[in-house]
>>> print(open('query34.cif').read())   # mmCIF, C-alpha atoms
data_my_file
#
loop_
_atom_site.label_atom_id
_atom_site.label_comp_id
_atom_site.auth_asym_id
_atom_site.auth_seq_id
_atom_site.Cartn_x
_atom_site.Cartn_y
_atom_site.Cartn_z
CA MET A 1 148.45 95.85 107.35
CA LEU A 2 152.06 95.73 106.10
CA PRO A 3 154.89 95.20 108.58
CA VAL A 4 157.25 97.99 109.53
CA THR A 5 160.85 96.93 108.98
CA ALA A 6 163.82 98.81 110.37
CA ASP A 7 167.09 99.17 108.47
CA ASP A 8 168.96 97.56 111.35
CA HIS A 9 168.07 95.20 114.20
CA LEU A 10 165.97 96.80 116.91
CA PRO A 11 168.32 98.13 119.60
CA GLY A 12 168.31 97.35 123.29
CA THR A 13 167.50 94.59 125.71
CA VAL A 14 164.45 92.33 125.40
CA ALA A 15 162.62 92.76 128.72
CA VAL A 16 160.48 89.75 129.66
CA LEU A 17 157.59 89.76 132.12
CA ALA A 18 156.71 86.19 133.10
CA ASN A 19 153.81 85.11 135.29
CA PRO A 20 154.71 81.63 136.63
CA THR A 21 151.18 81.12 138.01
CA ALA A 22 149.43 81.88 134.70
CA GLY A 23 147.38 79.00 133.34
CA ARG A 24 147.67 77.35 136.78
CA GLY A 25 151.39 77.01 136.16
CA ARG A 26 151.12 74.46 133.37
CA HIS A 27 153.76 76.21 131.23
CA ARG A 28 156.14 77.11 134.05
CA ALA A 29 158.73 74.50 133.02
CA LEU A 30 158.98 76.11 129.57
CA LEU A 31 160.40 79.39 130.89
CA PRO A 32 164.13 78.52 130.34
CA ARG A 33 163.44 77.32 126.79
CA LEU A 34 161.40 80.41 126.00
CA LEU A 35 164.12 82.74 127.28
CA ASP A 36 166.79 80.83 125.35
CA GLY A 37 164.66 81.02 122.23
CA LEU A 38 164.31 84.79 122.51
CA ALA A 39 168.05 85.14 123.15
CA ALA A 40 168.67 83.37 119.82
CA ALA A 41 167.79 86.67 118.15
CA GLY A 42 171.19 87.92 119.34
CA ARG A 43 169.78 90.40 121.82
CA PRO A 44 170.28 90.56 125.59
CA VAL A 45 167.26 89.14 127.45
CA ARG A 46 166.31 90.32 130.95
CA LEU A 47 163.64 88.75 133.14
CA LEU A 48 161.76 91.45 135.04
CA PRO A 49 161.27 90.92 138.78
CA ALA A 50 157.65 91.11 139.94
CA SER A 51 155.68 89.41 142.71
CA SER A 52 152.30 91.15 142.23
CA PRO A 53 150.29 92.71 139.41
CA ALA A 54 151.22 96.21 140.59
CA GLU A 55 154.91 95.32 140.68
CA ALA A 56 154.61 93.75 137.23
CA GLU A 57 153.19 96.93 135.76
CA ALA A 58 155.78 99.08 137.49
CA ALA A 59 158.60 96.83 136.25
CA CYS A 60 157.33 97.13 132.67
CA ARG A 61 157.10 100.90 132.91
CA ALA A 62 160.62 101.08 134.33
CA ALA A 63 161.99 98.82 131.58
CA VAL A 64 160.48 100.98 128.86
CA ALA A 65 161.71 104.16 130.54
CA ASP A 66 165.21 102.65 130.76
CA GLY A 67 165.33 102.06 127.02
CA ALA A 68 164.26 98.44 126.53
CA GLY A 69 164.32 97.51 122.86
CA ALA A 70 161.30 95.21 123.20
CA LEU A 71 158.92 93.88 125.83
CA VAL A 72 157.63 90.31 125.89
CA THR A 73 155.10 88.74 128.25
CA ILE A 74 154.80 85.07 129.16
CA GLY A 75 151.35 84.61 130.64
CA GLY A 76 147.70 85.29 129.90
CA ASP A 77 145.59 88.35 129.20
CA GLY A 78 146.12 89.75 132.68
CA THR A 79 149.89 89.75 132.18
CA VAL A 80 149.45 91.33 128.75
CA HIS A 81 147.23 94.03 130.27
CA ARG A 82 149.94 95.08 132.71
CA ALA A 83 152.53 95.33 129.95
CA LEU A 84 150.25 97.33 127.66
CA GLN A 85 150.17 100.17 130.18
CA ALA A 86 153.92 100.58 129.56
CA VAL A 87 154.20 100.11 125.78
CA ALA A 88 150.96 101.67 124.51
CA GLY A 89 151.67 104.67 122.34
CA THR A 90 155.43 104.04 122.28
CA ASP A 91 157.79 102.66 119.64
CA VAL A 92 158.77 99.71 121.86
CA PRO A 93 157.70 96.47 120.13
CA PHE A 94 155.68 93.97 122.14
CA GLY A 95 155.17 90.22 122.02
CA PRO A 96 152.57 88.23 124.04
CA ILE A 97 153.61 84.59 124.48
CA PRO A 98 150.31 82.80 125.31
CA ALA A 99 150.73 80.85 128.55
CA GLY A 100 147.61 81.72 130.53
CA THR A 101 144.09 80.49 131.09
CA GLY A 102 142.85 83.14 128.67
CA ASN A 103 145.08 84.18 125.78
CA ASP A 104 142.57 86.15 123.79
CA PHE A 105 144.73 89.10 122.77
CA ALA A 106 147.66 86.97 121.61
CA LEU A 107 145.46 84.64 119.55
CA ASP A 108 143.28 87.43 118.12
CA THR A 109 146.36 89.26 116.88
CA GLY A 110 147.70 86.23 115.05
CA PHE A 111 150.20 84.53 117.35
CA PRO A 112 150.29 80.72 117.56
CA ALA A 113 148.60 79.14 120.58
CA ASP A 114 151.71 77.10 121.36
CA PRO A 115 154.09 79.18 123.54
CA LEU A 116 157.26 77.88 121.85
CA ALA A 117 155.87 78.56 118.39
CA ALA A 118 154.84 82.07 119.44
CA ALA A 119 158.33 82.70 120.82
CA ASP A 120 159.80 81.57 117.47
CA VAL A 121 157.67 84.18 115.67
CA MET A 122 158.95 86.87 118.02
CA THR A 123 162.56 85.74 117.71
CA SER A 124 162.30 85.99 113.94
CA ALA A 125 160.79 89.48 114.21
CA LEU A 126 163.54 90.58 116.61
CA ARG A 127 166.23 89.20 114.34
CA ASP A 128 164.79 90.97 111.30
CA GLY A 129 163.84 94.21 113.07
CA ARG A 130 160.21 93.68 112.09
CA SER A 131 156.98 94.77 113.74
CA ARG A 132 153.32 95.20 112.80
CA PRO A 133 151.07 97.99 114.09
CA VAL A 134 147.74 97.16 115.74
CA ASP A 135 145.12 99.26 117.49
CA LEU A 136 144.52 99.54 121.20
CA ALA A 137 141.59 100.94 123.18
CA ARG A 138 142.29 103.87 125.50
CA MET A 139 139.99 104.35 128.50
CA THR A 140 139.65 107.65 130.31
CA GLY A 141 137.84 107.74 133.64
CA ALA A 142 135.80 110.55 135.11
CA ASP A 143 138.83 111.59 137.17
CA GLY A 144 141.10 111.71 134.10
CA VAL A 145 142.88 108.40 134.79
CA VAL A 146 143.95 106.71 131.55
CA ARG A 147 144.22 102.94 131.03
CA TRP A 148 144.72 100.87 127.89
CA TYR A 149 143.38 97.50 126.86
CA GLY A 150 143.88 95.20 123.91
CA ALA A 151 140.96 92.75 123.84
CA VAL A 152 137.52 93.53 125.33
CA LEU A 153 136.04 95.68 128.07
CA GLY A 154 133.07 94.18 129.94
CA ALA A 155 130.64 96.47 131.72
CA GLY A 156 127.65 94.35 132.66
CA PHE A 157 126.82 90.87 133.92
CA ASP A 158 130.35 89.63 133.13
CA ALA A 159 131.96 92.42 135.14
CA ILE A 160 129.51 91.96 138.02
CA VAL A 161 130.34 88.23 138.15
CA ASN A 162 134.05 89.04 138.26
CA GLU A 163 133.46 91.47 141.12
CA ARG A 164 131.52 88.81 143.04
CA ALA A 165 134.16 86.12 142.41
CA ASN A 166 137.00 88.41 143.50
CA ARG A 167 135.25 89.09 146.82
CA MET A 168 134.72 85.38 147.54
CA ARG A 169 137.23 83.38 149.59
CA TRP A 170 135.58 80.03 148.94
CA PRO A 171 135.61 77.86 146.93
CA ARG A 172 139.05 78.04 145.34
CA GLY A 173 139.78 77.75 141.62
CA PRO A 174 137.25 77.92 138.78
CA ARG A 175 134.39 76.71 140.99
CA ARG A 176 134.41 80.10 142.69
CA TYR A 177 133.62 81.75 139.35
CA ASP A 178 130.87 79.18 138.66
CA LEU A 179 129.29 79.92 142.04
CA ALA A 180 129.52 83.67 141.40
CA ILE A 181 127.62 83.15 138.12
CA LEU A 182 124.84 81.31 139.94
CA VAL A 183 124.56 84.02 142.61
CA GLU A 184 124.44 86.85 140.08
CA LEU A 185 122.02 85.00 137.80
CA ALA A 186 119.59 84.97 140.71
CA ARG A 187 120.02 88.76 141.01
CA LEU A 188 119.98 89.45 137.26
CA ARG A 189 118.22 92.65 136.22
CA PRO A 190 118.64 95.12 133.36
CA ARG A 191 120.41 98.35 134.16
CA ARG A 192 120.07 101.71 132.45
CA TYR A 193 123.09 102.62 130.33
CA THR A 194 123.81 105.80 128.45
CA LEU A 195 125.97 105.24 125.38
CA ARG A 196 127.39 108.01 123.24
CA LEU A 197 128.79 106.52 120.04
CA ASP A 198 130.85 109.13 118.19
CA GLY A 199 128.68 111.72 119.92
CA VAL A 200 125.31 110.10 119.15
CA PRO A 201 123.40 109.26 122.38
CA HIS A 202 121.66 105.93 123.03
CA GLU A 203 119.69 105.08 126.18
CA VAL A 204 119.43 101.32 126.71
CA ASP A 205 118.27 98.91 129.39
CA ALA A 206 120.75 96.04 129.27
CA VAL A 207 122.30 93.21 131.24
CA LEU A 208 125.59 93.28 129.32
CA VAL A 209 127.66 95.82 127.41
CA ALA A 210 130.98 94.84 125.84
CA VAL A 211 133.36 97.11 123.95
CA GLY A 212 135.84 95.18 121.83
CA ASN A 213 139.07 96.06 120.11
CA CYS A 214 139.43 92.30 119.46
CA PRO A 215 136.70 89.66 119.09
CA THR A 216 137.20 87.47 122.17
CA TYR A 217 137.37 87.51 125.94
CA GLY A 218 137.07 85.01 128.76
CA GLY A 219 139.25 82.42 127.06
CA GLY A 220 137.66 82.21 123.61
CA MET A 221 134.18 83.72 123.95
CA ARG A 222 133.60 85.65 120.71
CA ILE A 223 131.57 88.40 122.34
CA CYS A 224 132.45 90.98 119.64
CA PRO A 225 132.87 88.56 116.71
CA ASP A 226 133.37 91.23 114.04
CA ALA A 227 135.93 93.32 115.92
CA ASP A 228 139.17 93.92 114.02
CA PRO A 229 142.21 95.34 115.86
CA THR A 230 143.45 97.00 112.68
CA ASP A 231 140.33 98.91 111.54
CA GLY A 232 140.54 101.92 113.89
CA LEU A 233 137.10 101.15 115.33
CA LEU A 234 135.54 99.65 118.45
CA ASP A 235 132.73 97.10 118.34
CA VAL A 236 130.00 97.53 120.95
CA VAL A 237 127.71 94.60 121.78
CA VAL A 238 124.64 95.17 123.96
CA ALA A 239 122.43 92.43 125.40
CA GLY A 240 119.18 94.14 126.33
CA ARG A 241 116.35 93.10 128.64
CA VAL A 242 117.43 89.47 128.79
CA ASP A 243 116.06 87.20 131.51
CA ARG A 244 117.96 84.37 133.23
CA ARG A 245 116.64 81.61 131.02
CA THR A 246 117.45 83.50 127.82
CA LEU A 247 120.93 84.40 129.02
CA ILE A 248 121.68 80.75 129.83
CA ARG A 249 120.45 79.72 126.36
CA VAL A 250 122.38 82.44 124.53
CA LYS A 251 125.69 82.07 126.37
CA PRO A 252 126.91 78.96 124.45
CA ARG A 253 126.36 80.84 121.18
CA ILE A 254 128.93 83.44 122.25
CA TYR A 255 131.75 80.93 121.69
CA GLN A 256 130.77 80.74 118.01
CA GLY A 257 129.91 84.43 117.77
CA THR A 258 126.37 83.65 116.60
CA HIS A 259 124.63 85.51 119.44
CA LEU A 260 124.41 88.72 117.39
CA SER A 261 121.43 87.26 115.54
CA HIS A 262 119.36 87.15 118.74
CA PRO A 263 116.63 89.84 118.69
CA LEU A 264 117.65 91.18 122.12
CA VAL A 265 121.31 91.63 121.12
CA ASP A 266 122.46 94.76 119.28
CA SER A 267 125.86 95.69 117.92
CA PHE A 268 127.39 99.03 116.98
CA ARG A 269 130.70 100.34 115.72
CA ALA A 270 132.36 103.62 116.69
CA ARG A 271 135.70 105.34 117.13
CA THR A 272 134.75 106.77 120.52
CA VAL A 273 132.39 105.23 123.07
CA GLU A 274 131.19 107.12 126.14
CA LEU A 275 129.63 104.67 128.59
CA THR A 276 127.70 105.59 131.73
CA ALA A 277 125.79 103.48 134.27
CA ALA A 278 125.42 103.52 138.04
CA GLY A 279 127.37 101.10 140.21
CA ILE A 280 129.39 99.31 137.48
CA THR A 281 133.11 98.60 137.62
CA THR A 282 134.55 97.62 134.27
CA TYR A 283 136.85 94.69 133.52
CA ALA A 284 139.30 95.09 130.65
CA ASP A 285 141.37 92.14 129.38
CA GLY A 286 139.82 90.31 132.34
CA GLU A 287 141.38 92.75 134.82
CA ARG A 288 139.51 95.02 137.20
CA SER A 289 139.64 98.48 135.67
CA LEU A 290 137.83 101.82 135.89
CA ASP A 291 134.40 102.58 137.34
CA LEU A 292 131.80 103.96 134.95
CA PRO A 293 131.54 106.51 133.46
CA VAL A 294 134.40 105.99 131.03
CA THR A 295 135.30 107.23 127.57
CA ILE A 296 136.86 104.60 125.31
CA THR A 297 138.73 105.58 122.16
CA ALA A 298 140.19 103.38 119.44
CA VAL A 299 143.80 104.44 118.86
CA PRO A 300 145.06 103.17 115.49
CA GLY A 301 148.56 101.73 115.49
CA ALA A 302 149.04 102.33 119.23
CA LEU A 303 151.02 99.10 119.59
CA ARG A 304 153.79 97.49 117.56
CA LEU A 305 153.67 93.68 117.63
CA LEU A 306 156.70 91.43 117.19
CA ARG A 307 155.28 89.62 114.16
#
>>> encode(input="query34.cif", output="structure tokens")
Amino acid sequence: MLPVTADDHLPGTVAVLANPTAGRGRHRALLPRLLDGLAAAGRPVRLLPASSPAEAEAACRAAVADGAGALVTIGGDGTVHRALQAVAGTDVPFGPIPAGTGNDFALDTGFPADPLAAADVMTSALRDGRSRPVDLARMTGADGVVRWYGAVLGAGFDAIVNERANRMRWPRGPRRYDLAILVELARLRPRRYTLRLDGVPHEVDAVLVAVGNCPTYGGGMRICPDADPTDGLLDVVVAGRVDRRTLIRVKPRIYQGTHLSHPLVDSFRARTVELTAAGITTYADGERSLDLPVTITAVPGALRLLR
């Protein structure tokens, strides 16, 4: 898709949301260089204050409401997710500098994996007044609450594992997630899902349902390998009545995106996905999101990227 170029430089301050704990803090020392790099575009740069995810989202919303000319995140997919709630559907350009454990949205939309290189791309776009439109997914809950996501929504085994890990106080770090996987593998069972894809109903028994605007989640797992964030469509991947042994065998194939050839895995494509199942909380961009049922709609050009 061709870039949109303004006649003049984009107006206003560049608001920056930085998560110093993202990626276990390994890029924290780069923050001054990243801010200086963005300032080289000749625009004021303001670091947003936030000490929690809720404060981060509120700070982004306030910055956009106050007329920020652009919003940039320094962090992973969780940081991106908070910012998207503020910029989705607006004309405010957005740039995700990848500095987290999972940087799926930034990498899937074409930014370099190196934070300094990604910042250089954004600085050039700011200087030239350039942005590129990409799609986002809009979720609507049963109570009318609306949330946006950029990468993938998980509504099965992956979401259940996240729920388990978030409730655990021990062990700390990635081992907690590994233990949660083991616990939930022992409890693995298919659940009944109702899918309506552009109005066409499907009843499926499945252990995993993923709805992707982009191909990857979980730090490089190509769960929806054919998803394209510029095609106006959502990719839906369903793993059916899969047992523990099969799931363990298939999981490594997800990193290459070759799991779609497995006979128990189906994929679909739709503009609107209505998803219903009992007792499932979804995770979008790796963040706890809405309980099922939800309606997910691909919104073409809902976001302008600083590229």
>>> residues_around(input="query34.cif", residues="region 193-203 of chain A", least_positions_apart="4", cutoff="8 Å", atoms="all atoms listed in the file", output="number ranges by chain")
A: 269-277
>>> closest_residue(input="query34.cif", among="A:Val92, A:Val183, A:Ala159, A:Leu208", to="Glu287 (chain A)", atoms="all atoms listed in the file")
A:Ala159
>>> resolve_selection(input="query34.cif", expression="the PyMOL selection byres ((chain A and resi 108) around 9)", output="PDB file with C-alpha atoms, in the coordinates of the input")
ATOM      1  CA  ASN A 103     145.080  84.180 125.780  1.00  0.00           C
ATOM      2  CA  ASP A 104     142.570  86.150 123.790  1.00  0.00           C
ATOM      3  CA  PHE A 105     144.730  89.100 122.770  1.00  0.00           C
ATOM      4  CA  ALA A 106     147.660  86.970 121.610  1.00  0.00           C
ATOM      5  CA  LEU A 107     145.460  84.640 119.550  1.00  0.00           C
ATOM      6  CA  THR A 109     146.360  89.260 116.880  1.00  0.00           C
ATOM      7  CA  GLY A 110     147.700  86.230 115.050  1.00  0.00           C
ATOM      8  CA  PHE A 111     150.200  84.530 117.350  1.00  0.00           C
ATOM      9  CA  ALA A 151     140.960  92.750 123.840  1.00  0.00           C
ATOM     10  CA  CYS A 214     139.430  92.300 119.460  1.00  0.00           C
ATOM     11  CA  PRO A 215     136.700  89.660 119.090  1.00  0.00           C
ATOM     12  CA  THR A 216     137.200  87.470 122.170  1.00  0.00           C
ATOM     13  CA  ASP A 228     139.170  93.920 114.020  1.00  0.00           C
ATOM     14  CA  PRO A 229     142.210  95.340 115.860  1.00  0.00           C
TER      15      PRO A 229
END
>>> resolve_selection(input="query34.cif", expression="the PyMOL selection byres ((chain A and resi 162) around 9)", output="CSV table (one decimal) with C-alpha atoms, in the coordinates of the input")
chain,number,residue,atom,x,y,z
A,157,PHE,CA,126.8,90.9,133.9
A,158,ASP,CA,130.4,89.6,133.1
A,159,ALA,CA,132.0,92.4,135.1
A,160,ILE,CA,129.5,92.0,138.0
A,161,VAL,CA,130.3,88.2,138.2
A,163,GLU,CA,133.5,91.5,141.1
A,164,ARG,CA,131.5,88.8,143.0
A,165,ALA,CA,134.2,86.1,142.4
A,166,ASN,CA,137.0,88.4,143.5
A,167,ARG,CA,135.2,89.1,146.8
A,177,TYR,CA,133.6,81.8,139.4
A,180,ALA,CA,129.5,83.7,141.4
A,181,ILE,CA,127.6,83.2,138.1
A,283,TYR,CA,136.8,94.7,133.5
A,286,GLY,CA,139.8,90.3,132.3
A,287,GLU,CA,141.4,92.8,134.8
A,288,ARG,CA,139.5,95.0,137.2
>>> residues_around(input="query34.cif", residues="region 29-39 of chain A", least_positions_apart="2", cutoff="8 Å", atoms="only C-alpha atoms", output="compact mmCIF listing (two decimals) with C-alpha atoms, in the coordinates of the input")
# COMPACT_ATOMS: atom_id res chain seq x y z
CA ARG A 26 151.12 74.46 133.37
CA HIS A 27 153.76 76.21 131.23
CA ALA A 41 167.79 86.67 118.15
CA GLY A 42 171.19 87.92 119.34
CA ARG A 43 169.78 90.40 121.82
CA PRO A 44 170.28 90.56 125.59
CA VAL A 45 167.26 89.14 127.45
CA PRO A 115 154.09 79.18 123.54
CA LEU A 116 157.26 77.88 121.85
CA ALA A 119 158.33 82.70 120.82
CA ASP A 120 159.80 81.57 117.47
CA MET A 122 158.95 86.87 118.02
CA THR A 123 162.56 85.74 117.71
>>> residues_near_point(input="query34.cif", point="(132.6, 92.9, 130.0)", cutoff="7 Å", atoms="only C-alpha atoms", output="ChimeraX atom specification")
/A:152-156,158-159,209-210,282-283
>>> closest_residue(input="query34.cif", among="A:Arg241, A:Arg175, A:Arg127, A:Arg132", to="Leu264 (chain A)", atoms="all atoms listed in the file")
A:Arg241
>>> residues_around(input="query34.cif", residues="Asp235 (chain A)", least_positions_apart="2", cutoff="6 Å", atoms="all atoms listed in the file", output="list of chain:residue names")
A:Val211, A:Gly212, A:Ala227, A:Phe268, A:Arg269
>>> closest_residue(input="query34.cif", among="A:Leu126, A:Val204, A:Leu47, A:Ala99", to="Val237 (chain A)", atoms="only C-alpha atoms")
A:Val204
>>> residues_around(input="query34.cif", residues="Gly100 (chain A)", least_positions_apart="6", cutoff="12 Å", atoms="only C-alpha atoms", output="list in words")
Ala18, Asn19, Pro20, Thr21, Ala22, Gly23, Arg24, Gly25, Arg26, His27, Arg28, Thr73, Ile74, Gly75, Gly76, Asp77, Gly78, Thr79, Val80, Ala106, Leu107, Ala113, Asp114, Pro115, Gly218, Gly219 and Gly286 of chain A
>>> closest_residue(input="query34.cif", among="A:Ile280, A:Leu136, A:Leu17, A:Val242", to="Gly89 (chain A)", atoms="all atoms listed in the file")
A:Leu136
